Each structure stands twice: as structure tokens, then as C-alpha cells.
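Some notes on the structure that comes next.
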Amino acid sequence: MTPLAAGDIVLIALTCVLCAGVVAALALGLLRAVRRRTVMTQLLIVACAGTVAMTASVLAISVEMYISAHDLTVLIVVIGASLVLGVVVAWIVARAARSSLDRFSAGLEALGTGSPADVEPSGWGELDGLSAQLAEVSGRIAAGQEELERLDSARRRFFAWISHDLRTPLTAMRALAESVEEGASDAPERLAGEVRAQVETMSRMVDDLFELSTLTSGSVQLRTEQVGLREVVSDAVADVRAAAEGRGLRIIDRGIAGHVLWADPHHLGRIIVNLLTNAVRHAPIGSDVVISATEVDGRLVLCVLDHGAGVAVEDLDRMFDVGWRADPARTAAVEDRVASGAGIGLSIARGLARAHGGDVVAELAPDGFRMNVLLPIGALEVRR
């Protein structure tokens with residue numbers, strides 16, 4: 001076989017480049033014309049362009065080589081069969097790609113309507129990656145919707161409960177005012193005391209609502225200093241002592257003395273008062289409420305234990321939600337003389353603890369129900 005001369009090689013190369021260039025120009029023109037059509041159409045054009053370019057180049061070179069008519073016919077048949085097969089394969093691939101894109105589009109549409117996007121693997125690496133991201137985003141949106149519905153439900157319950165709790169002292173004051181108007185009372189000083197008690201109840205509700213709003217907005221301000229736990233606990237116990245004695249309860253402290261931490265004394269006292277009030281409200285009559293403290297891994301663990309039944313295990317975290325009540329009838333075991341009764345005392349306690357860089361958790365203990373306040377001892381951990 002005679003080797004090709006350099007000129008022949010250059011001619012073949014130029015022929016291939018010319019044919020490929022013409023086919024590429026035509027393909028680009030077609031792609032521009034159908035740029036608003038389906039991806040399947042564009043993929044078919046791209047796939048066919050390579051096959052047509054190869055066919056045109058081979059035919060042009062064959063003509064330049066002056067092969068016989070018989071050989072040229074055979075070559076055309078072979079190239080034609082290959083061209084048809086290539087177009088068929090390109091059509092199958094394009095159809096598979098279109099099907100995968102349709103499923104992905106359906107997933108996006110479902111996501112837009114709020115339904116979960118369920119996109120099956122397509123076998124296309126990039127598209128599968130987008131599908132995985134879409135599924136992840138869909139899961140986050142679904143979780144966000146569930147959380148939003150839960151919060152909205154809690155908000156509606158909260159406002160319903162607040163309306164009920166505000167209506168109670170207002171109704172009592174209206175009844176007292178009517179008694180005075182009708183001259184039915186011969187002890188105005190007693191009426192004044194009762195009115196004052198109802199006003200104080202409403203005032204505590206308003207204070208709780210204001211404090212809750214500062215916590216939820218993140219605008220709570222802490223004025224931290226070194227605090228002796230003994231003094232703060234003593235003041236908190238004094239605040240709830242009247243309510244405890246009214247039910248024959250004893251508040252016992254164990255291991256409180258000697259503990260010092262960096263905290264806002266006012267807010268720390270509010271945490272303890274709210275937890276003690278919750279314990280006094282639910283402890284069995286004549287039992288003890290025990291408040292104790294230990295240090296674990298550089299953190300102060302303050303425990304408030306009552307001998308009540310507590311709540312169900314699944315409600316141990318929910319009980320800190322705003323307005324949550326275990327008793328649908330909203331009946332308390334004792335008249336609140338410290339807390340507002342609006343169902344937000346535990347929410348405020350946890351919020352204040354977290355503002356200090358700690359937390360409040362509940363647990364069922366062998367001898368009752370325990371609230372644990374976890375607080376950092378050092379000043380560097382306090383969130384300002």
C-alpha cells in the first residue's frame with residue numbers, strides 16, 4: 001500500500017474541517033431557531049450533528065480519492081445504516097433525558113403547591129444531584145410548615161387562654177364594683193383588698209407578657225455580676241412562701257450555700273420563682289418541695305423537686321411551650337399568688353436560662369418530678 005503524501009493528508013484534514021464546520025454552522029442555526037423548543041429536540045440536533053459531520057467528511061474524502069462506483073455505493077449504505085442507528089440512539093437518549101426533566105419539573109411544581117417533592121433517580125449525575133437537593137429542600141419546607149402550623153396553633157391557644165385569664169380578674173372586679181354600687185357590702189376595706197389582689201394578678205400577667213416578648217425578640221438585657229446562690233434562692237422562697245403555706249407545703253433547700261456564679265440576679269430569681277411556683281401548684285398537699293444545687297463540669301445544676309405525678313414523657317419538652325397546659329380544664333391545684341397563671345411561667349424560665357447560656361429541662365424522678373436549671377458558672381459563657 002502506497003503511503004499518503006503530505007499534500008493528501010492536508011487535503012483530507014481540510015476536507016474534514018470544512019465538512020464539520022458546515023454541519024456545525026447548520027446545527028447552531030437550527031439550535032438558535034428551536035431555542036424555545038423542548039430539550040429533546042435540541043439534544044437530537046446536537047447528537048445528529050456529530051454523526052452527519054462524520055458522514056459528510058467520509059463521503060467527501062471518498063469522492064476525492066476517486067474510488068469506484070461500487071465501493072462508493074457500499075460505503076454510502078454502511079454510512080446510511082450507521083447514521084440511522086445513531087439517530088435512533090440519540091432519540092432514545094433524548095427521550096430518556098426529557099422524561100427525567102419532566103419528573104424533575106413535576107417535583108418543582110409539587111414543591112410550589114406545598115406538596116412534598118418526590119423525584120426518582122434518573123441516572124444522570126447532574127440531574128440526580130439537583131433532585132437530591134430538591135428533595136432536601138422539600139423536606140425542610142415540609143418541616144418548616146409543620147413547625148409553623150404548630151406555632152400557629154400554640155399562638156391561637158395562647159391568645160384564647162390569655163383572654164380567659166384576663167377575663168377572670170375583670171369579672172371579679174366587675175362583681176365587686178356592682179356590690180359597691182348596690183350597697184351590698186358593709187366592709188369597703190375588704191373590697192379594696194380584693195380589688196387590689198385582682199389588679200396585682202392582671203399586673204403580673206402584663207409583666208409576664210412583656211418579659212416573654214423581650215425573650216422571643218432577643219432583646220433581653222442581662223446585667224451580670226457575681227451572685228451568691230443562697231441569697232437569690234432565699235428571696236425566691238420568700239416570694240412563694242405564702243402560696244406554699246396555704247397548701248401545707250414545706251420548701252427545703254439542700255446544698256445551696258457556697259455556690260457563686262455570674263448571672264443577672266433579678267432574672268435568676270425570676271427563673272427560680274417560676275419553677276418553685278410550678279412545683280407549689282402541683283405538689284401534693286402537705287408534701288415537701290426540695291431545691292438543691294450541685295456543680296457538674298463547670299456548670300451549676302439547680303434542681304427543684306416536688307412529689308407530684310408530673311407529666312407524660314412525651315410532654316416533658318412541650319410543657320415549656322408558650323401557653324401549654326396539661327389539663328384541658330385549666331384547673332390549678334392552688335390559687336396563684338405569684339405567677340400570672342397565663343401558662344407562660346416555664347417558657348419565661350427556659351428563655352431566661354438560655355439567655356444566660358444555660359437551659360431548663362424537666363425529668364421524671366423516682367420520687368417525683370424534677371426541674372433542672374443548667375447554668376454556666378463563669379462570666380465568659382454568659383450571653384449578653
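Residue numbering restarts at 1 for every chain of the C-alpha cells, chains are lettered A, B, ... in their displayed order, and ligands are numbered from 1 as they appear.
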Backbone DSSP call of strand (DSSP E or B) for segment 122-266 of chain A, listed as a PyMOL selection string: chain A and resi 225-228+250-254+260-263
Any idea what's packed within 10 Å of segment 248-265 of chain A, counting only C-alpha atoms, ignoring anything in its chain fewer than 6 positions away? Could you give it as a PyMOL selection string? chain A and resi 221-234+237-238+240-242+271+276+279-280+283-295+299-300+302-306+352-353+356-357+375-383
Which of segment 123-308 of chain A fall in helix (DSSP H, G or I), as a PyMOL selection string: chain A and resi 125-181+188-216+229-246+265-282
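Using only C-alpha atoms, the nearest neighbour of Ile12 of chain A within the list A:Val58, A:Leu176, A:Val52, A:Val88 is A:Val58.
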